[in-house]
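Student: Supplied structure: data-v5.tsv, TSV, C-alpha atoms.
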```
chain	number	residue	atom	x	y	z
A	1488	ASP	CA	28.34	-12.70	-30.67
A	1489	PHE	CA	26.70	-9.29	-30.63
A	1490	GLU	CA	28.13	-5.86	-29.96
A	1491	HIS	CA	25.61	-3.27	-28.79
A	1492	ARG	CA	25.66	0.50	-29.12
A	1493	VAL	CA	23.06	2.93	-27.77
A	1494	LEU	CA	22.14	6.22	-29.41
A	1495	SER	CA	20.13	8.66	-27.29
A	1496	LEU	CA	18.25	11.27	-29.33
A	1497	THR	CA	18.23	13.87	-26.56
A	1498	GLU	CA	20.30	13.39	-23.42
A	1499	ASP	CA	21.80	10.79	-21.12
A	1500	GLY	CA	18.66	10.29	-19.10
A	1501	PRO	CA	18.59	8.39	-15.78
A	1502	ILE	CA	20.18	5.16	-17.07
A	1503	GLY	CA	22.90	6.32	-19.48
A	1504	GLU	CA	25.71	5.80	-16.99
A	1505	ARG	CA	24.30	2.44	-15.89
A	1506	ILE	CA	24.41	1.25	-19.51
A	1507	ARG	CA	28.02	2.39	-19.85
A	1508	LYS	CA	28.95	0.34	-16.79
A	1509	LEU	CA	27.80	-2.70	-18.76
A	1510	LYS	CA	30.56	-1.81	-21.26
A	1511	VAL	CA	28.05	-0.62	-23.87
A	1512	ASP	CA	28.85	2.55	-25.80
A	1513	VAL	CA	26.28	5.34	-25.35
A	1514	GLU	CA	26.27	8.28	-27.75
A	1515	ILE	CA	24.26	11.42	-26.96
A	1516	LEU	CA	22.86	13.15	-30.04
A	1517	GLY	CA	21.46	16.19	-28.22
A	1518	MET	CA	18.26	16.62	-30.22
A	1519	GLU	CA	16.26	19.51	-28.80
A	1520	LYS	CA	12.72	19.12	-27.46
A	1521	SER	CA	11.52	22.26	-29.16
A	1522	LEU	CA	10.57	23.72	-32.52
A	1523	ALA	CA	14.11	22.92	-33.62
A	1524	TRP	CA	13.26	19.21	-33.61
A	1525	PHE	CA	13.34	18.89	-37.41
A	1526	HIS	CA	16.87	20.28	-37.54
A	1527	GLY	CA	17.70	17.71	-34.88
A	1528	TYR	CA	16.26	14.97	-37.08
A	1529	LEU	CA	18.54	15.97	-39.95
A	1530	LYS	CA	21.55	16.05	-37.65
A	1531	THR	CA	20.65	12.64	-36.25
A	1532	GLY	CA	20.13	11.31	-39.77
A	1533	LYS	CA	23.73	12.09	-40.63
A	1534	VAL	CA	24.90	10.02	-37.66
A	1535	LEU	CA	22.67	7.09	-38.60
A	1536	ARG	CA	23.91	7.00	-42.19
A	1537	LYS	CA	27.44	6.51	-40.88
A	1538	LEU	CA	26.53	3.53	-38.69
A	1539	LYS	CA	28.41	0.31	-39.38
A	1540	SER	CA	25.87	-1.78	-37.49
A	1541	ASP	CA	23.99	-4.74	-38.96
A	1542	LEU	CA	20.67	-3.83	-37.37
A	1543	LEU	CA	19.02	-0.81	-35.77
A	1544	GLN	CA	16.21	-1.17	-33.23
A	1545	THR	CA	14.39	2.08	-32.55
A	1546	TRP	CA	12.37	2.92	-29.47
A	1547	LEU	CA	9.25	5.12	-29.69
A	1548	TYR	CA	7.96	7.36	-32.47
A	1549	HIS	CA	10.70	9.96	-32.86
A	1550	SER	CA	13.46	7.41	-33.16
A	1551	ASP	CA	11.21	5.18	-35.30
A	1552	TYR	CA	10.80	7.98	-37.82
A	1553	VAL	CA	14.47	8.97	-37.87
A	1554	GLY	CA	15.62	5.36	-38.15
A	1555	ALA	CA	13.31	4.49	-41.04
A	1556	GLN	CA	13.98	7.71	-42.94
A	1557	PHE	CA	17.73	8.06	-42.59
A	1558	SER	CA	19.32	4.72	-41.73
A	1559	ASN	CA	21.02	2.62	-44.40
A	1560	ILE	CA	20.61	-0.61	-42.44
A	1561	PRO	CA	17.56	-2.74	-41.52
A	1562	VAL	CA	15.39	-1.10	-38.86
A	1563	ILE	CA	12.99	-2.66	-36.37
A	1564	TRP	CA	10.45	-0.34	-34.79
A	1565	ASN	CA	9.43	-0.75	-31.16
A	1566	ILE	CA	6.01	0.67	-30.23
A	1567	GLN	CA	5.26	0.93	-26.53
A	1568	ASN	CA	1.86	2.58	-26.30
A	1569	GLY	CA	-1.72	2.39	-27.46
A	1570	LYS	CA	-3.93	5.34	-28.29
A	1571	LEU	CA	-2.47	8.83	-27.92
A	1572	ASP	CA	-4.78	11.15	-26.03
A	1573	PRO	CA	-5.51	14.23	-28.21
A	1574	VAL	CA	-5.43	16.49	-25.15
A	1575	GLN	CA	-2.71	15.02	-22.94
A	1576	SER	CA	-0.22	13.82	-25.56
A	1577	PRO	CA	2.22	16.41	-26.95
A	1578	LYS	CA	1.32	17.76	-30.40
A	1579	THR	CA	4.76	16.91	-31.76
A	1580	THR	CA	4.41	13.29	-30.64
A	1581	ARG	CA	1.03	12.96	-32.34
A	1582	PHE	CA	2.44	14.60	-35.47
A	1583	VAL	CA	5.41	12.23	-35.59
A	1584	GLN	CA	3.06	9.28	-35.07
A	1585	ARG	CA	1.23	10.32	-38.26
A	1586	LEU	CA	4.53	10.67	-40.10
A	1587	CYS	CA	5.44	7.15	-39.01
A	1588	LYS	CA	2.12	5.83	-40.29
A	1589	ASN	CA	3.00	7.08	-43.78
A	1590	ILE	CA	6.33	5.21	-43.83
A	1591	SER	CA	5.34	2.16	-41.76
A	1592	THR	CA	6.14	-0.19	-44.65
A	1593	LYS	CA	9.82	0.80	-44.50
A	1594	PRO	CA	10.98	-1.01	-41.34
A	1595	ALA	CA	12.04	-4.63	-41.55
A	1596	ALA	CA	9.56	-5.34	-38.74
A	1597	ILE	CA	7.41	-3.67	-36.10
A	1598	ILE	CA	7.32	-4.88	-32.49
A	1599	TYR	CA	4.30	-3.97	-30.34
A	1600	CYS	CA	4.22	-4.24	-26.55
A	1601	ALA	CA	0.61	-5.49	-26.48
A	1602	GLU	CA	-2.24	-6.72	-28.69
A	1603	GLU	CA	-4.13	-3.49	-27.98
A	1604	ALA	CA	-1.18	-1.40	-29.20
A	1605	HIS	CA	-1.08	-3.51	-32.37
A	1606	LYS	CA	-4.80	-3.02	-32.99
A	1607	VAL	CA	-4.71	0.73	-32.31
A	1608	HIS	CA	-1.89	1.30	-34.79
A	1609	GLU	CA	-3.36	-0.91	-37.48
A	1610	ASP	CA	-6.65	0.99	-37.11
A	1611	ILE	CA	-4.90	4.31	-37.80
A	1612	GLY	CA	-3.09	2.95	-40.83
A	1613	TYR	CA	0.15	1.28	-39.79
A	1614	ARG	CA	1.09	-1.39	-42.34
A	1615	ASN	CA	4.06	-3.74	-42.38
A	1616	HIS	CA	4.69	-7.22	-43.77
A	1617	TYR	CA	6.07	-8.43	-40.42
A	1618	GLN	CA	4.41	-7.32	-37.19
A	1619	VAL	CA	4.73	-9.11	-33.88
A	1620	VAL	CA	3.56	-8.60	-30.29
A	1621	ILE	CA	6.23	-9.09	-27.62
A	1622	GLU	CA	4.77	-8.25	-24.25
A	1623	ASN	CA	6.93	-6.47	-21.72
A	1624	GLY	CA	8.11	-8.76	-18.96
A	1625	VAL	CA	10.42	-8.99	-15.98
A	1626	ASP	CA	13.04	-11.42	-14.74
A	1627	GLN	CA	11.21	-13.35	-12.03
A	1628	GLU	CA	14.49	-14.41	-10.47
A	1629	ILE	CA	15.20	-10.73	-9.70
A	1630	TYR	CA	11.75	-9.18	-9.29
A	1631	LYS	CA	9.99	-11.32	-6.74
A	1632	PRO	CA	8.56	-10.99	-3.21
A	1633	ASP	CA	11.31	-10.40	-0.67
A	1634	PRO	CA	10.30	-10.41	3.02
A	1635	ASP	CA	13.62	-8.88	4.09
A	1636	ASN	CA	13.34	-5.91	1.73
A	1637	ARG	CA	9.67	-5.48	2.69
A	1638	TYR	CA	10.56	-5.35	6.39
A	1639	LYS	CA	13.45	-2.95	5.74
A	1640	MET	CA	11.28	-0.59	3.68
A	1641	LYS	CA	8.57	-0.51	6.33
A	1642	GLN	CA	11.16	0.37	8.95
A	1643	GLU	CA	12.60	3.16	6.79
A	1644	LEU	CA	9.13	4.60	6.13
A	1645	GLY	CA	7.97	4.25	9.73
A	1646	ILE	CA	5.21	1.79	8.83
A	1647	SER	CA	4.01	-0.96	11.16
A	1648	SER	CA	5.12	-4.46	10.19
A	1649	GLN	CA	1.42	-5.46	10.11
A	1650	THR	CA	0.47	-2.72	7.65
A	1651	LYS	CA	-0.17	-3.71	4.05
A	1652	ILE	CA	1.53	-1.73	1.27
A	1653	ILE	CA	0.17	-1.07	-2.21
A	1654	GLY	CA	2.90	0.06	-4.60
A	1655	HIS	CA	2.88	2.02	-7.83
A	1656	ALA	CA	5.77	2.68	-10.21
A	1657	GLY	CA	5.74	5.14	-13.12
A	1658	ARG	CA	6.68	8.68	-14.08
A	1659	TYR	CA	4.42	11.60	-13.22
A	1660	ASP	CA	2.64	12.27	-16.49
A	1661	ALA	CA	-0.90	13.23	-17.50
A	1662	GLN	CA	-1.24	9.95	-19.43
A	1663	LYS	CA	-0.79	8.02	-16.19
A	1664	ASP	CA	-3.95	9.63	-14.76
A	1665	TYR	CA	-2.80	10.25	-11.20
A	1666	PRO	CA	-6.06	11.95	-10.18
A	1667	THR	CA	-7.87	8.63	-10.67
A	1668	LEU	CA	-5.13	6.72	-8.84
A	1669	ILE	CA	-5.27	9.06	-5.84
A	1670	THR	CA	-9.08	8.85	-5.82
A	1671	ALA	CA	-8.85	5.06	-5.73
A	1672	PHE	CA	-6.37	5.26	-2.85
A	1673	GLU	CA	-8.70	7.65	-1.03
A	1674	LYS	CA	-11.64	5.23	-1.30
A	1675	LEU	CA	-9.55	2.26	-0.17
A	1676	ALA	CA	-8.11	4.23	2.75
A	1677	LYS	CA	-11.64	4.84	4.02
A	1678	LEU	CA	-12.34	1.12	3.96
A	1679	LYS	CA	-9.02	-0.13	5.32
A	1680	ASP	CA	-7.06	1.35	8.22
A	1681	ASP	CA	-4.07	-0.93	7.75
A	1682	VAL	CA	-3.06	0.09	4.19
A	1683	HIS	CA	-0.36	2.51	3.05
A	1684	PHE	CA	0.59	3.49	-0.51
A	1685	VAL	CA	4.13	3.74	-1.89
A	1686	LEU	CA	4.74	5.58	-5.18
A	1687	CYS	CA	8.06	5.70	-7.01
A	1688	GLY	CA	9.12	7.17	-10.32
A	1689	GLU	CA	10.21	10.38	-11.98
A	1690	ASN	CA	8.78	13.46	-10.22
A	1691	LEU	CA	6.84	11.44	-7.65
A	1692	ILE	CA	8.27	13.66	-4.92
A	1693	LEU	CA	7.09	16.14	-2.30
A	1694	LYS	CA	8.27	19.05	-4.47
A	1695	ASN	CA	5.64	18.12	-7.05
A	1696	ILE	CA	3.04	20.72	-6.02
A	1697	GLU	CA	0.37	19.37	-8.38
A	1698	LEU	CA	0.64	15.83	-7.00
A	1699	LEU	CA	0.86	17.06	-3.42
A	1700	SER	CA	-2.35	19.03	-3.93
A	1701	LEU	CA	-4.16	15.87	-5.10
A	1702	ILE	CA	-2.95	13.95	-2.06
A	1703	GLN	CA	-3.89	16.69	0.39
A	1704	LYS	CA	-7.32	17.10	-1.17
A	1705	ALA	CA	-7.88	13.36	-0.71
A	1706	GLY	CA	-6.85	13.66	2.94
A	1707	ILE	CA	-4.43	10.73	2.80
A	1708	GLY	CA	-1.09	12.51	3.15
A	1709	ASP	CA	-0.18	10.36	6.15
A	1710	ARG	CA	-0.79	7.18	4.16
A	1711	ILE	CA	1.16	7.94	0.95
A	1712	HIS	CA	4.94	7.74	0.62
A	1713	LEU	CA	6.68	9.34	-2.38
A	1714	LEU	CA	10.07	7.80	-3.17
A	1715	GLY	CA	10.94	9.49	-6.48
A	1716	MET	CA	13.26	7.74	-8.94
A	1717	GLN	CA	14.60	4.36	-7.86
A	1718	ASN	CA	17.56	2.67	-9.52
A	1719	GLU	CA	17.07	-0.68	-7.77
A	1720	MET	CA	13.41	-1.49	-8.32
A	1721	GLU	CA	13.88	-5.06	-7.16
A	1722	LYS	CA	14.34	-3.68	-3.62
A	1723	VAL	CA	11.16	-1.60	-3.64
```
What do you get writing this file as structure tokens?
Tutor:
Amino acid sequence: DFEHRVLSLTEDGPIGERIRKLKVDVEILGMEKSLAWFHGYLKTGKVLRKLKSDLLQTWLYHSDYVGAQFSNIPVIWNIQNGKLDPVQSPKTTRFVQRLCKNISTKPAAIIYCAEEAHKVHEDIGYRNHYQVVIENGVDQEIYKPDPDNRYKMKQELGISSQTKIIGHAGRYDAQKDYPTLITAFEKLAKLKDDVHFVLCGENLILKNIELLSLIQKAGIGDRIHLLGMQNEMEKV
């Protein structure tokens, strides 16, 4: 049997309460996203040293660094990206990535989400005796085509039942390259009259002036539907 506990470096985020409903403890460490980040690391380190757990799995660079530096138990890193863009990626993230490179032999193992992520990190100097690629996946019993949900969504969005929908899920972030996505939608819309586009994720909303400007410039505002964050993706 396993008992799980979740430590969030910053705040609850969109799924903290959902995790608690699964009867899993969630502790918020309140690390600031500012120049005070190093002080936050030290504070978080004190919490990690008191853990009674058998294993710590960290998620993304900041937690990877804190876990390897301050934890007294075996740590497994989880790396979920490839190359960091020198312009679009935050400076602190790129700095912490370099810090992680220098201590990459410390974790008990490193998990990469893809072969490309593995290659990118090895090329910049990540070294560990046990590295493995575990690709992200979904439960196909939950996430599968559902004609009823498709029909219901089209009704809610005022889309004809004969219209095809192309969906996109992801947060609004420069790394996601939404200008290229909108350009692709624009080109397809000119070729196909019976296609609409549904976007869901953090900040994919009408109040996002930058995104709205891209859509209006492409002239496809009547073909794109912004749903924002969705907690039941299997219904989208």
Student: Please measure the separation of CA of Ser1558 in chain A and CA of Val1534 in chain A, giving the value in Å to one decimal.
Tutor: 8.7 Å
Student: Can you write out as a Markdown table which residues of range 1532-1601 of chain A fall within 12 Å of range 1619-1628 of chain A, alongside each residue's closest atom pair and its distance in Å to one decimal, counting all atoms listed in the file and ordering rows by chain and ascending residue number?
Tutor:
```
| residue | atom | partner | partner_atom | distance |
| --- | --- | --- | --- | --- |
| A:Ile1563 | CA | A:Val1619 | CA | 10.8 |
| A:Trp1564 | CA | A:Val1619 | CA | 10.5 |
| A:Asn1565 | CA | A:Ile1621 | CA | 9.6 |
| A:Ile1566 | CA | A:Val1620 | CA | 9.6 |
| A:Gln1567 | CA | A:Asn1623 | CA | 9.0 |
| A:Asn1568 | CA | A:Asn1623 | CA | 11.3 |
| A:Ala1595 | CA | A:Val1619 | CA | 11.5 |
| A:Ala1596 | CA | A:Val1619 | CA | 7.8 |
| A:Ile1597 | CA | A:Val1619 | CA | 6.5 |
| A:Ile1598 | CA | A:Val1619 | CA | 5.2 |
| A:Tyr1599 | CA | A:Val1620 | CA | 4.7 |
| A:Cys1600 | CA | A:Glu1622 | CA | 4.7 |
| A:Ala1601 | CA | A:Glu1622 | CA | 5.5 |
```
Student: For CA of Asp1660 in chain A and CA of Asn1718 in chain A, quote the distance in Å rounded to one decimal.
Tutor: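 That distance, rounded to one decimal, is 19.1 Å.
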Student: What is the CA of Gly1657 in chain A-CA of Pro1577 in chain A distance in Å, reported with one decimal?
Tutor: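 Interatomic distance, CA of Gly1657 in chain A to CA of Pro1577 in chain A: 18.2 Å.
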Student: Please determine, counting only C-alpha atoms, which residue among A:Thr1650, A:Leu1698, A:Leu1686, A:Ile1711 has the shortest atom-to-atom distance to Glu1673 in chain A.
Tutor: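 Among the listed residues, the smallest separation from Glu1673 in chain A belongs to A:Ile1711.
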Student: Glu1504 in chain A: which residues within 9 Å, counting only C-alpha atoms, same-chain residues fewer than 5 positions away excluded, as a ChimeraX atom specification?
Tutor: /A:1499,1509,1513
Student: Counting only C-alpha atoms, select every polymer residue within 12 Å of (14.2, 4.0, -43.2) as defined in the file's coordinates, and provide the selection as a VMD selection string.
Tutor: chain A and resid 1532 1535 to 1536 1542 to 1545 1550 to 1564 1587 1589 to 1596
Student: Between A:Lys1677, A:Lys1722, A:His1549, A:His1712, which one has atoms that come closest to Pro1634 in chain A, using all atoms listed in the file?
Tutor: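 Going through A:Lys1677, A:Lys1722, A:His1549, A:His1712 one by one, the smallest distance to Pro1634 in chain A is for A:Lys1722.
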Student: Pick the closest to Leu1538 in chain A from A:Leu1693, A:Arg1492, A:Val1583, A:Ile1702: which is it, counting all atoms listed in the file?
Tutor: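 Of the candidates, the smallest distance to Leu1538 in chain A is held by A:Arg1492.
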Student: Considering all atoms listed in the file, return as a PyMOL selection string whatever protein or nucleic-acid residues lie within 10 Å of Ser1495 in chain A, sequence-local ones (same chain, fewer than 3 positions apart) excluded.
Tutor: chain A and resi 1498-1500+1503+1513-1518+1531+1546+1550
Student: Name the closest residue to Ala1676 in chain A among the candidates A:Ala1705, A:Ile1692, A:Leu1699, A:Met1640; distances are taken between atoms, counting all atoms listed in the file.
Tutor: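 Smallest distance to Ala1676 in chain A is found for A:Ala1705.
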Student: Do you know which residues are at most 12 Å from Phe1684 in chain A counting all atoms listed in the file, after dropping those on the same chain fewer than 3 positions away, and could you put them as number ranges by chain?
Tutor: A: 1641, 1644, 1646, 1650-1656, 1668-1669, 1671-1673, 1675-1676, 1679-1681, 1687, 1702, 1707-1714
Student: Would you mind telling me which residue in A:Asp1541, A:Glu1697, A:Glu1689, A:Glu1719 lies nearest to Glu1490 in chain A when using only C-alpha atoms?
Tutor: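 Result for the nearest residue to Glu1490 in chain A: A:Asp1541.
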Student: Taking all atoms listed in the file into account, name the residue in A:Thr1497, A:His1683, A:Pro1573, A:Tyr1617 that is nearest to Gly1645 in chain A.
Tutor: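 Closest candidate: A:His1683.
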Student: Please provide the set of residues having any atom within 9 Å of Ser1576 in chain A, restricted to all atoms listed in the file, with same-chain residues fewer than 5 positions apart removed, written as a ChimeraX atom specification.
Tutor: /A:1571,1581,1661-1662
Student: Taking the partial coordinates given, rebuild range 1676-1705 of chain A to contain N, CA and C atoms; return it as an mmCIF file, keeping the file's coordinate frame.
Tutor:
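Contents of rebuild_16.cif, as written:
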```
data_model
loop_
_atom_site.group_PDB
_atom_site.id
_atom_site.type_symbol
_atom_site.label_atom_id
_atom_site.label_comp_id
_atom_site.auth_asym_id
_atom_site.auth_seq_id
_atom_site.Cartn_x
_atom_site.Cartn_y
_atom_site.Cartn_z
ATOM 1 N N ALA A 1676 -8.549 3.791 1.419
ATOM 2 C CA ALA A 1676 -8.110 4.230 2.750
ATOM 3 C C ALA A 1676 -9.282 4.361 3.707
ATOM 4 N N LYS A 1677 -10.441 4.719 3.182
ATOM 5 C CA LYS A 1677 -11.640 4.840 4.020
ATOM 6 C C LYS A 1677 -12.167 3.475 4.443
ATOM 7 N N LEU A 1678 -11.862 2.463 3.657
ATOM 8 C CA LEU A 1678 -12.340 1.120 3.960
ATOM 9 C C LEU A 1678 -11.354 0.319 4.811
ATOM 10 N N LYS A 1679 -10.060 0.637 4.645
ATOM 11 C CA LYS A 1679 -9.020 -0.130 5.320
ATOM 12 C C LYS A 1679 -8.084 0.801 6.104
ATOM 13 N N ASP A 1680 -7.954 0.536 7.390
ATOM 14 C CA ASP A 1680 -7.060 1.350 8.220
ATOM 15 C C ASP A 1680 -5.611 0.886 8.160
ATOM 16 N N ASP A 1681 -5.405 -0.335 7.689
ATOM 17 C CA ASP A 1681 -4.070 -0.930 7.750
ATOM 18 C C ASP A 1681 -3.390 -0.970 6.377
ATOM 19 N N VAL A 1682 -3.651 0.039 5.536
ATOM 20 C CA VAL A 1682 -3.060 0.090 4.190
ATOM 21 C C VAL A 1682 -2.330 1.409 3.982
ATOM 22 N N HIS A 1683 -1.101 1.333 3.471
ATOM 23 C CA HIS A 1683 -0.360 2.510 3.050
ATOM 24 C C HIS A 1683 -0.022 2.361 1.563
ATOM 25 N N PHE A 1684 0.340 3.477 0.925
ATOM 26 C CA PHE A 1684 0.590 3.490 -0.510
ATOM 27 C C PHE A 1684 1.997 4.050 -0.774
ATOM 28 N N VAL A 1685 2.758 3.325 -1.562
ATOM 29 C CA VAL A 1685 4.130 3.740 -1.890
ATOM 30 C C VAL A 1685 4.221 3.992 -3.393
ATOM 31 N N LEU A 1686 4.631 5.202 -3.770
ATOM 32 C CA LEU A 1686 4.740 5.580 -5.180
ATOM 33 C C LEU A 1686 6.195 5.909 -5.497
ATOM 34 N N CYS A 1687 6.693 5.366 -6.592
ATOM 35 C CA CYS A 1687 8.060 5.700 -7.010
ATOM 36 C C CYS A 1687 8.104 5.935 -8.503
ATOM 37 N N GLY A 1688 8.987 6.823 -8.917
ATOM 38 C CA GLY A 1688 9.120 7.170 -10.320
ATOM 39 C C GLY A 1688 9.509 8.628 -10.480
ATOM 40 N N GLU A 1689 9.788 9.013 -11.697
ATOM 41 C CA GLU A 1689 10.210 10.380 -11.980
ATOM 42 C C GLU A 1689 9.162 11.398 -11.531
ATOM 43 N N ASN A 1690 9.594 12.341 -10.712
ATOM 44 C CA ASN A 1690 8.780 13.460 -10.220
ATOM 45 C C ASN A 1690 7.672 13.028 -9.254
ATOM 46 N N LEU A 1691 7.759 11.833 -8.723
ATOM 47 C CA LEU A 1691 6.840 11.440 -7.650
ATOM 48 C C LEU A 1691 7.512 11.796 -6.329
ATOM 49 N N ILE A 1692 7.543 13.103 -6.060
ATOM 50 C CA ILE A 1692 8.270 13.660 -4.920
ATOM 51 C C ILE A 1692 7.441 14.745 -4.262
ATOM 52 N N LEU A 1693 7.830 15.130 -3.047
ATOM 53 C CA LEU A 1693 7.090 16.140 -2.300
ATOM 54 C C LEU A 1693 7.149 17.518 -2.954
ATOM 55 N N LYS A 1694 8.160 17.759 -3.784
ATOM 56 C CA LYS A 1694 8.270 19.050 -4.470
ATOM 57 C C LYS A 1694 7.299 19.180 -5.634
ATOM 58 N N ASN A 1695 6.636 18.091 -5.984
ATOM 59 C CA ASN A 1695 5.640 18.120 -7.050
ATOM 60 C C ASN A 1695 4.345 18.695 -6.473
ATOM 61 N N ILE A 1696 4.162 20.010 -6.630
ATOM 62 C CA ILE A 1696 3.040 20.720 -6.020
ATOM 63 C C ILE A 1696 1.699 20.184 -6.515
ATOM 64 N N GLU A 1697 1.620 19.857 -7.797
ATOM 65 C CA GLU A 1697 0.370 19.370 -8.380
ATOM 66 C C GLU A 1697 -0.035 18.039 -7.739
ATOM 67 N N LEU A 1698 0.912 17.129 -7.613
ATOM 68 C CA LEU A 1698 0.640 15.830 -7.000
ATOM 69 C C LEU A 1698 0.319 15.991 -5.519
ATOM 70 N N LEU A 1699 1.082 16.835 -4.842
ATOM 71 C CA LEU A 1699 0.860 17.060 -3.420
ATOM 72 C C LEU A 1699 -0.532 17.615 -3.159
ATOM 73 N N SER A 1700 -1.009 18.462 -4.058
ATOM 74 C CA SER A 1700 -2.350 19.030 -3.930
ATOM 75 C C SER A 1700 -3.410 17.936 -4.028
ATOM 76 N N LEU A 1701 -3.223 16.990 -4.959
ATOM 77 C CA LEU A 1701 -4.160 15.870 -5.100
ATOM 78 C C LEU A 1701 -4.210 15.033 -3.829
ATOM 79 N N ILE A 1702 -3.037 14.784 -3.256
ATOM 80 C CA ILE A 1702 -2.950 13.950 -2.060
ATOM 81 C C ILE A 1702 -3.600 14.651 -0.865
ATOM 82 N N GLN A 1703 -3.326 15.943 -0.728
ATOM 83 C CA GLN A 1703 -3.890 16.690 0.390
ATOM 84 C C GLN A 1703 -5.402 16.817 0.267
ATOM 85 N N LYS A 1704 -5.868 17.009 -0.947
ATOM 86 C CA LYS A 1704 -7.320 17.100 -1.170
ATOM 87 C C LYS A 1704 -8.004 15.792 -0.802
ATOM 88 N N ALA A 1705 -7.324 14.675 -1.046
ATOM 89 C CA ALA A 1705 -7.880 13.360 -0.710
ATOM 90 C C ALA A 1705 -7.785 13.064 0.783
#
```
